[in-house]
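**Student:** Sharing data18.tsv here; it has TSV, C-alpha atoms.
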```tsv
chain	number	residue	atom	x	y	z
O	1	MET	CA	0.00	0.00	0.00
O	2	GLU	CA	1.39	3.38	-1.01
O	3	LEU	CA	1.47	5.96	1.77
O	4	THR	CA	0.19	9.50	1.31
O	5	PRO	CA	3.27	11.76	1.12
O	6	LEU	CA	2.15	14.35	3.70
O	7	VAL	CA	-0.63	13.77	6.23
O	8	PRO	CA	-1.57	16.56	8.66
O	9	ALA	CA	-3.65	15.79	11.75
O	10	TYR	CA	-5.40	18.25	14.03
O	11	GLY	CA	-5.58	17.28	17.70
O	12	ALA	CA	-7.23	19.03	20.60
O	13	GLN	CA	-3.93	20.36	21.99
O	14	ASP	CA	-1.35	19.99	19.23
O	15	GLY	CA	-0.98	19.06	15.59
O	16	THR	CA	1.05	16.51	13.68
O	17	LEU	CA	2.43	16.26	10.18
O	18	GLU	CA	3.31	12.83	8.85
O	19	ILE	CA	6.10	12.87	6.25
O	20	ASN	CA	6.08	9.78	4.00
O	21	THR	CA	8.23	11.05	1.16
O	22	ASP	CA	11.74	12.08	0.27
O	23	ILE	CA	13.16	15.44	1.30
O	24	SER	CA	13.12	17.58	-1.85
O	25	GLU	CA	12.49	21.16	-2.90
O	26	ALA	CA	8.86	20.30	-3.68
O	27	SER	CA	8.17	18.41	-0.44
O	28	ALA	CA	9.91	21.14	1.57
O	29	ILE	CA	7.58	23.78	0.13
O	30	GLU	CA	4.56	21.61	0.95
O	31	ILE	CA	5.83	21.00	4.49
O	32	GLU	CA	6.22	24.77	4.90
O	33	LYS	CA	2.59	25.26	3.81
O	34	HIS	CA	1.35	22.63	6.27
O	35	LEU	CA	3.31	24.18	9.14
O	36	GLU	CA	1.89	27.58	8.24
O	37	ARG	CA	-1.60	26.12	8.47
O	38	LEU	CA	-0.94	24.23	11.72
O	39	PHE	CA	0.80	27.11	13.48
O	40	GLY	CA	-0.63	30.14	11.70
O	41	TYR	CA	-4.26	29.14	11.13
O	42	TYR	CA	-4.93	26.62	13.91
O	43	HIS	CA	-2.57	28.37	16.36
O	44	TYR	CA	-1.04	25.19	17.77
O	45	GLU	CA	1.81	25.79	20.19
O	46	GLN	CA	3.37	22.44	19.30
O	47	VAL	CA	3.56	20.34	16.15
O	48	THR	CA	5.13	16.89	15.85
O	49	LEU	CA	6.77	15.83	12.59
O	50	LYS	CA	6.29	12.07	12.12
O	51	ILE	CA	9.12	11.17	9.80
O	52	ASN	CA	9.20	8.15	7.49
O	53	SER	CA	11.62	9.07	4.74
O	54	PRO	CA	14.68	7.77	2.86
O	55	GLY	CA	16.22	11.24	2.87
O	56	GLY	CA	16.86	13.50	-0.08
O	57	ALA	CA	18.42	16.86	-0.91
O	58	VAL	CA	20.20	19.20	1.46
O	59	ILE	CA	18.50	22.17	-0.21
O	60	GLY	CA	15.12	20.73	0.79
O	61	LEU	CA	16.31	20.02	4.33
O	62	GLU	CA	17.70	23.55	4.58
O	63	HIS	CA	14.38	25.06	3.56
O	64	ILE	CA	12.49	22.99	6.13
O	65	LEU	CA	14.94	23.93	8.88
O	66	GLU	CA	14.68	27.62	8.08
O	67	CYS	CA	10.90	27.34	8.30
O	68	VAL	CA	11.14	25.47	11.61
O	69	GLU	CA	13.51	28.09	12.98
O	70	ARG	CA	11.09	30.89	12.12
O	71	TRP	CA	8.36	29.21	14.14
O	72	ARG	CA	10.74	28.51	17.02
O	73	THR	CA	11.66	32.17	17.08
O	74	ALA	CA	7.92	32.87	17.37
O	75	GLY	CA	7.79	30.63	20.44
O	76	ARG	CA	6.40	27.46	18.84
O	77	SER	CA	7.74	23.95	19.36
O	78	VAL	CA	8.56	21.47	16.57
O	79	GLN	CA	9.02	17.97	17.92
O	80	THR	CA	10.11	14.93	15.91
O	81	LEU	CA	9.20	11.24	15.83
O	82	ALA	CA	11.04	8.81	13.54
O	83	MET	CA	8.62	6.16	12.30
O	84	PHE	CA	9.76	3.19	10.17
O	85	ARG	CA	12.78	4.84	8.60
O	86	ALA	CA	14.69	8.09	8.93
O	87	ALA	CA	17.74	8.12	6.71
O	88	SER	CA	20.12	10.76	5.48
O	89	ALA	CA	18.42	14.20	5.38
O	90	ALA	CA	15.43	12.72	7.22
O	91	ALA	CA	17.66	11.51	10.07
O	92	MET	CA	19.13	15.01	10.28
O	93	LEU	CA	15.62	16.48	10.44
O	94	MET	CA	14.75	14.11	13.29
O	95	ALA	CA	17.89	14.98	15.26
O	96	LEU	CA	17.26	18.70	14.76
O	97	GLY	CA	13.86	18.50	16.42
O	98	GLU	CA	13.22	19.92	19.87
O	99	VAL	CA	15.82	18.46	22.23
O	100	GLY	CA	14.01	16.27	24.75
O	101	SER	CA	11.30	15.32	22.25
O	102	ARG	CA	13.26	13.49	19.56
O	103	THR	CA	11.72	10.03	19.57
O	104	ALA	CA	11.95	6.77	17.62
O	105	HIS	CA	10.13	3.45	17.70
O	106	ARG	CA	11.99	0.29	18.72
O	107	ASN	CA	12.26	-0.89	15.11
O	108	THR	CA	13.04	2.46	13.50
O	109	SER	CA	15.95	2.38	11.05
O	110	LEU	CA	18.34	5.33	11.36
O	111	LEU	CA	21.09	6.21	8.90
O	112	TYR	CA	23.43	9.20	9.04
O	113	HIS	CA	25.98	9.86	6.33
O	114	HIS	CA	27.77	12.66	4.54
O	115	ALA	CA	26.40	14.45	1.49
O	116	ARG	CA	27.03	12.86	-1.88
O	117	VAL	CA	26.29	13.28	-5.59
O	118	GLY	CA	22.80	12.29	-6.72
O	119	SER	CA	22.11	9.13	-8.69
O	120	ASN	CA	21.74	11.09	-11.96
O	121	ALA	CA	25.38	12.18	-11.91
O	122	TYR	CA	27.48	11.54	-15.01
O	123	THR	CA	31.19	10.91	-15.58
O	124	LEU	CA	33.23	13.85	-14.32
O	125	THR	CA	36.62	15.17	-15.31
O	126	SER	CA	39.22	15.14	-12.56
O	127	GLY	CA	39.06	18.93	-12.22
O	128	VAL	CA	35.28	18.98	-11.83
O	129	ALA	CA	35.46	16.04	-9.43
O	130	ASP	CA	37.98	17.89	-7.26
O	131	LYS	CA	35.79	20.99	-7.15
O	132	LEU	CA	32.75	18.89	-6.32
O	133	ALA	CA	34.62	17.12	-3.54
O	134	ALA	CA	35.58	20.49	-2.05
O	135	VAL	CA	31.96	21.67	-2.15
O	136	LEU	CA	30.72	18.46	-0.53
O	137	LYS	CA	33.33	18.79	2.21
O	138	VAL	CA	31.97	22.23	3.09
O	139	VAL	CA	28.42	20.83	3.09
O	140	ASP	CA	29.47	17.97	5.37
O	141	GLN	CA	31.16	20.32	7.82
O	142	GLY	CA	28.13	22.59	7.86
O	143	LEU	CA	25.66	19.78	8.57
O	144	VAL	CA	27.77	18.33	11.37
O	145	GLN	CA	28.27	21.77	12.87
O	146	ARG	CA	24.53	22.42	12.76
O	147	LEU	CA	23.96	19.23	14.74
O	148	VAL	CA	26.63	20.14	17.28
O	149	ASN	CA	25.27	23.65	17.77
O	150	HIS	CA	21.71	22.38	18.10
O	151	CYS	CA	22.63	19.81	20.74
O	152	ASN	CA	24.88	22.30	22.52
O	153	GLN	CA	21.99	24.74	22.84
O	154	GLY	CA	19.36	22.11	23.58
O	155	PHE	CA	21.28	20.62	26.51
O	156	GLY	CA	21.96	23.99	28.08
O	157	GLY	CA	25.56	24.28	26.92
O	158	GLY	CA	28.51	22.06	26.12
O	159	LEU	CA	28.98	20.83	29.68
O	160	GLY	CA	25.34	19.80	29.90
O	161	LEU	CA	25.67	17.87	26.64
O	162	ALA	CA	28.93	16.17	27.64
O	163	VAL	CA	27.65	15.20	31.10
O	164	GLU	CA	24.37	13.92	29.66
O	165	GLY	CA	26.24	11.86	27.07
O	166	ALA	CA	28.48	10.34	29.75
O	167	VAL	CA	25.48	9.47	31.93
O	168	ARG	CA	23.72	7.81	29.02
O	169	CYS	CA	26.84	5.77	28.22
O	170	GLN	CA	27.10	4.67	31.84
O	171	MET	CA	23.49	3.52	31.74
O	172	LEU	CA	24.10	1.55	28.55
O	173	HIS	CA	27.08	-0.10	30.25
O	174	THR	CA	25.35	-1.00	33.53
O	175	GLN	CA	21.89	-1.83	32.16
O	176	GLY	CA	22.82	-2.91	28.67
O	177	LEU	CA	21.26	-6.38	28.86
O	178	GLU	CA	17.93	-5.07	30.12
O	179	ILE	CA	17.87	-2.37	27.46
O	180	ALA	CA	18.70	-4.93	24.76
O	181	GLN	CA	15.85	-7.14	25.94
O	182	ASP	CA	13.46	-4.19	25.82
O	183	LEU	CA	14.62	-3.52	22.26
O	184	GLY	CA	14.15	-7.16	21.32
O	185	VAL	CA	17.86	-7.65	20.57
O	186	SER	CA	18.98	-11.20	21.38
O	187	GLU	CA	22.78	-11.24	21.03
O	188	GLU	CA	23.62	-8.53	23.54
O	189	ARG	CA	25.88	-10.37	25.94
O	190	ARG	CA	28.67	-9.06	23.75
O	191	PRO	CA	29.91	-5.51	24.43
O	192	LEU	CA	28.79	-2.76	22.09
O	193	LYS	CA	31.89	-2.05	20.00
O	194	TRP	CA	30.99	1.62	19.53
O	195	LEU	CA	30.38	2.34	23.24
O	196	LYS	CA	33.98	2.72	24.47
O	197	PRO	CA	34.93	5.26	21.77
O	198	VAL	CA	31.85	7.31	22.67
O	199	VAL	CA	32.72	7.15	26.38
O	200	ARG	CA	36.26	8.36	25.61
O	201	MET	CA	34.91	11.10	23.38
O	202	TRP	CA	32.63	12.53	26.11
O	203	ALA	CA	35.45	12.33	28.66
O	204	ASP	CA	37.72	14.17	26.22
O	205	CYS	CA	35.09	16.89	25.75
O	206	GLN	CA	34.95	17.48	29.50
O	207	ALA	CA	38.71	17.33	30.01
O	208	ARG	CA	39.50	19.72	27.16
O	209	GLN	CA	36.42	21.90	27.72
O	210	THR	CA	35.50	21.84	24.06
O	211	LEU	CA	33.05	20.02	21.82
O	212	ALA	CA	35.68	19.56	19.11
O	213	PRO	CA	35.99	15.81	19.91
O	214	TYR	CA	32.20	15.50	19.53
O	215	THR	CA	32.30	17.27	16.17
O	216	LYS	CA	35.11	15.01	14.96
O	217	HIS	CA	33.38	11.86	16.22
O	218	LEU	CA	30.11	12.70	14.43
O	219	SER	CA	31.95	13.46	11.21
O	220	THR	CA	33.93	10.21	11.37
O	221	ARG	CA	30.79	8.23	12.15
O	222	MET	CA	28.96	9.70	9.16
O	223	GLU	CA	31.83	8.69	6.89
O	224	GLU	CA	30.98	5.06	7.66
O	225	ASP	CA	27.65	5.43	5.81
O	226	ALA	CA	26.13	2.65	7.95
O	227	SER	CA	22.90	2.27	9.89
O	228	MET	CA	23.08	3.61	13.43
O	229	ASP	CA	21.92	1.59	16.42
O	230	LEU	CA	19.21	3.50	18.31
O	231	ARG	CA	21.33	3.17	21.46
O	232	GLU	CA	24.27	4.78	19.71
O	233	ALA	CA	22.11	7.69	18.54
O	234	TRP	CA	20.86	8.05	22.13
O	235	ALA	CA	24.40	7.97	23.53
O	236	LEU	CA	25.48	10.64	21.03
O	237	GLY	CA	22.64	12.96	21.98
O	238	LEU	CA	20.92	12.67	18.59
O	239	LEU	CA	17.86	10.94	20.03
O	240	ASP	CA	16.05	11.37	23.35
O	241	ARG	CA	13.51	8.57	23.64
O	242	VAL	CA	12.72	5.15	22.22
O	243	LYS	CA	9.07	4.18	22.56
O	244	GLY	CA	8.53	0.96	24.46
O	245	VAL	CA	11.97	1.09	26.10
O	246	PRO	CA	11.49	2.72	29.52
O	247	ARG	CA	15.22	3.17	30.15
O	248	LEU	CA	15.54	5.10	26.90
O	249	GLU	CA	12.51	7.32	27.33
O	250	ALA	CA	13.85	10.30	29.23
O	251	ARG	CA	16.77	12.65	29.51
O	252	LEU	CA	18.76	11.86	32.61
O	253	ALA	CA	21.12	14.59	33.72
O	254	VAL	CA	20.85	17.76	31.70
O	255	VAL	CA	23.04	20.46	33.25
O	256	PRO	CA	22.07	24.01	32.18
O	257	VAL	CA	25.59	25.43	31.95
O	258	GLN	CA	26.54	27.64	29.02
O	259	THR	CA	30.22	28.33	29.49
O	260	ALA	CA	32.37	25.38	30.50
O	261	VAL	CA	32.39	23.53	27.16
O	262	GLN	CA	32.02	25.51	23.97
O	263	ALA	CA	30.96	24.44	20.49
O	264	PRO	CA	33.02	25.64	17.53
O	265	ALA	CA	31.64	28.53	15.49
O	266	GLN	CA	28.61	27.75	13.33
O	267	GLN	CA	28.99	27.16	9.62
O	268	ARG	CA	26.21	27.27	7.05
O	269	PRO	CA	25.45	24.11	5.03
O	270	ARG	CA	25.17	24.44	1.27
O	271	LEU	CA	23.55	22.72	-1.67
O	272	ALA	CA	24.08	18.98	-2.12
O	273	SER	CA	22.21	15.71	-1.84
O	274	LEU	CA	22.19	13.29	1.06
```
Please render this file's structure as structure tokens.

**Tutor:**
Amino acid sequence: MELTPLVPAYGAQDGTLEINTDISEASAIEIEKHLERLFGYYHYEQVTLKINSPGGAVIGLEHILECVERWRTAGRSVQTLAMFRAASAAAMLMALGEVGSRTAHRNTSLLYHHARVGSNAYTLTSGVADKLAAVLKVVDQGLVQRLVNHCNQGFGGGLGLAVEGAVRCQMLHTQGLEIAQDLGVSEERRPLKWLKPVVRMWADCQARQTLAPYTKHLSTRMEEDASMDLREAWALGLLDRVKGVPRLEARLAVVPVQTAVQAPAQQRPRLASL
């Protein structure tokens, strides 16, 4: 059964917009129109984006994020819920939802990766390829920096983010088997191979009083172009809750400190495809 691309719903207290399509210029414009109706006409204070998307173009993502930021500036809340799949630009959209609200289902598939050339690309000369690689590198840096800045602000500053990440990692270490059982994962008597590097990264952030290790870790992880375990996304501060998993349903130790750990300066992402 084919899903309707965009499905708005109008609740008593808040609205929702279900996104069952790729992130493109056209879908971004339609999402903007729906948000205008939900916030501007129905005057909802909060709207949840229910995301089920394979991703798409950075230009579409950028347009959606600019629209979301306008409504946030007006005091409205845009929360996010990843449904069956949130990949690429759609995973970025989920992670850039209101910190504390970013939710997934137990079986949601998440994929983060760097920008790349679309499938309709043709053979390139070496000079054009080099220029394209340079442009994509700037796009990649901008997207990662946007994530870092968003999490930095959402957790009350770099120290709050680093402490929260460390607490989440500790919980995954001490209650890993119970969490795996809640997720329906059967082989989890083995250690999570990604957990120790994340623990070291958060410790490094606190010791050096900078989020540079976090920025580098996210960039390196995206280079892998591989699906991300929901627990890993949670440990990295890209996800706040997993439905049906009580231990992964709430933020644990947010510290509202703005000064101790600083994020690098923001960079603007540019046109590319994810």

**Student:** Enter the distance from atom CA of Asp182 of chain O to atom CA of Trp202 of chain O, in Å, rounded to one decimal.

**Tutor:**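 Computing the Euclidean distance for atom CA of Asp182 of chain O and atom CA of Trp202 of chain O yields 25.4 Å.
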
**Student:** Which is closer to Thr220 of chain O than all the others in O:Asp240, O:Leu3, O:Asn149, O:Gln141, using all atoms listed in the file?

**Tutor:** O:Gln141

**Student:** Rounded to one decimal, what separation in Å do you get between atom CA of Gln170 of chain O and atom CA of Gln206 of chain O?

**Tutor:**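 If I compute the distance from atom CA of Gln170 of chain O to atom CA of Gln206 of chain O, I get 15.2 Å.
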
**Student:** Can you pull out every residue within 10 Å of Thr21 of chain O, counting only C-alpha atoms, but drop anything in the same chain fewer than 6 positions away, and send it as a list in words?

**Tutor:**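 Non-adjacent residues within range: Leu3, Thr4, Pro5, Leu6, Ser27, Ile51, Asn52, Ser53, Pro54, Gly55, Gly56 and Ala90 of chain O.
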
**Student:** With distances taken over all atoms listed in the file, which of O:Leu239, O:Ala28, O:Leu81, O:Leu195 is nearest to Cys151 of chain O?

**Tutor:**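 Of O:Leu239, O:Ala28, O:Leu81, O:Leu195, the one nearest Cys151 of chain O, counting all atoms listed in the file, is O:Leu239.
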
**Student:** Distance atom CA of Glu98 of chain O-atom CA of Leu65 of chain O, one decimal place?

**Tutor:** 11.8 Å

**Student:** For a quick check of understanding, using all atoms listed in the file, which of O:Asp140, O:Glu62, O:Glu249, O:Glu178 has the smallest distance to Ser219 of chain O?

**Tutor:**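 Counting all atoms listed in the file, the residue closest to Ser219 of chain O is O:Asp140.
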
**Student:** Measuring between all atoms listed in the file, which one of O:Ile64, O:Thr174, O:Ala166, O:Leu183 shows the shortest distance to Met201 of chain O?

**Tutor:** O:Ala166

**Student:** Mind checking which residues fall within 9 Å of Tyr42 of chain O, counting all atoms listed in the file, ignoring those fewer than 4 positions away in the same chain, and posting them as a ChimeraX atom specification?

**Tutor:** /O:10,15,36-38

**Student:** Identify, on the basis of all atoms listed in the file, every residue whose closest approach to His34 of chain O does not exceed 10 Å; exclude the query and any residue fewer than 6 positions from it along the same chain; express the result as a PyMOL selection string.

**Tutor:** chain O and resi 6-8+16-17+28+40-41

**Student:** Just the residues within 9 Å of Cys205 of chain O, please, counting only C-alpha atoms, with nothing from its chain fewer than 5 positions along; format it as number ranges by chain.

**Tutor:** O: 158-159, 162, 200, 210-214, 261

**Student:** I want to know what sits within 7 Å of Thr215 of chain O, based on all atoms listed in the file, with residues of the same chain fewer than 6 positions away left out; could you give that as number ranges by chain?

**Tutor:** O: 144-145, 148

**Student:** Would you mind telling me which residue in O:Gly60, O:Glu2, O:Ser77, O:Met171 lies nearest to Leu35 of chain O when using only C-alpha atoms?

**Tutor:** O:Ser77

**Student:** Could you check which of O:Met94, O:Leu161, O:Glu32, O:Gln153 is closest to Arg70 of chain O, using only C-alpha atoms?

**Tutor:** O:Glu32
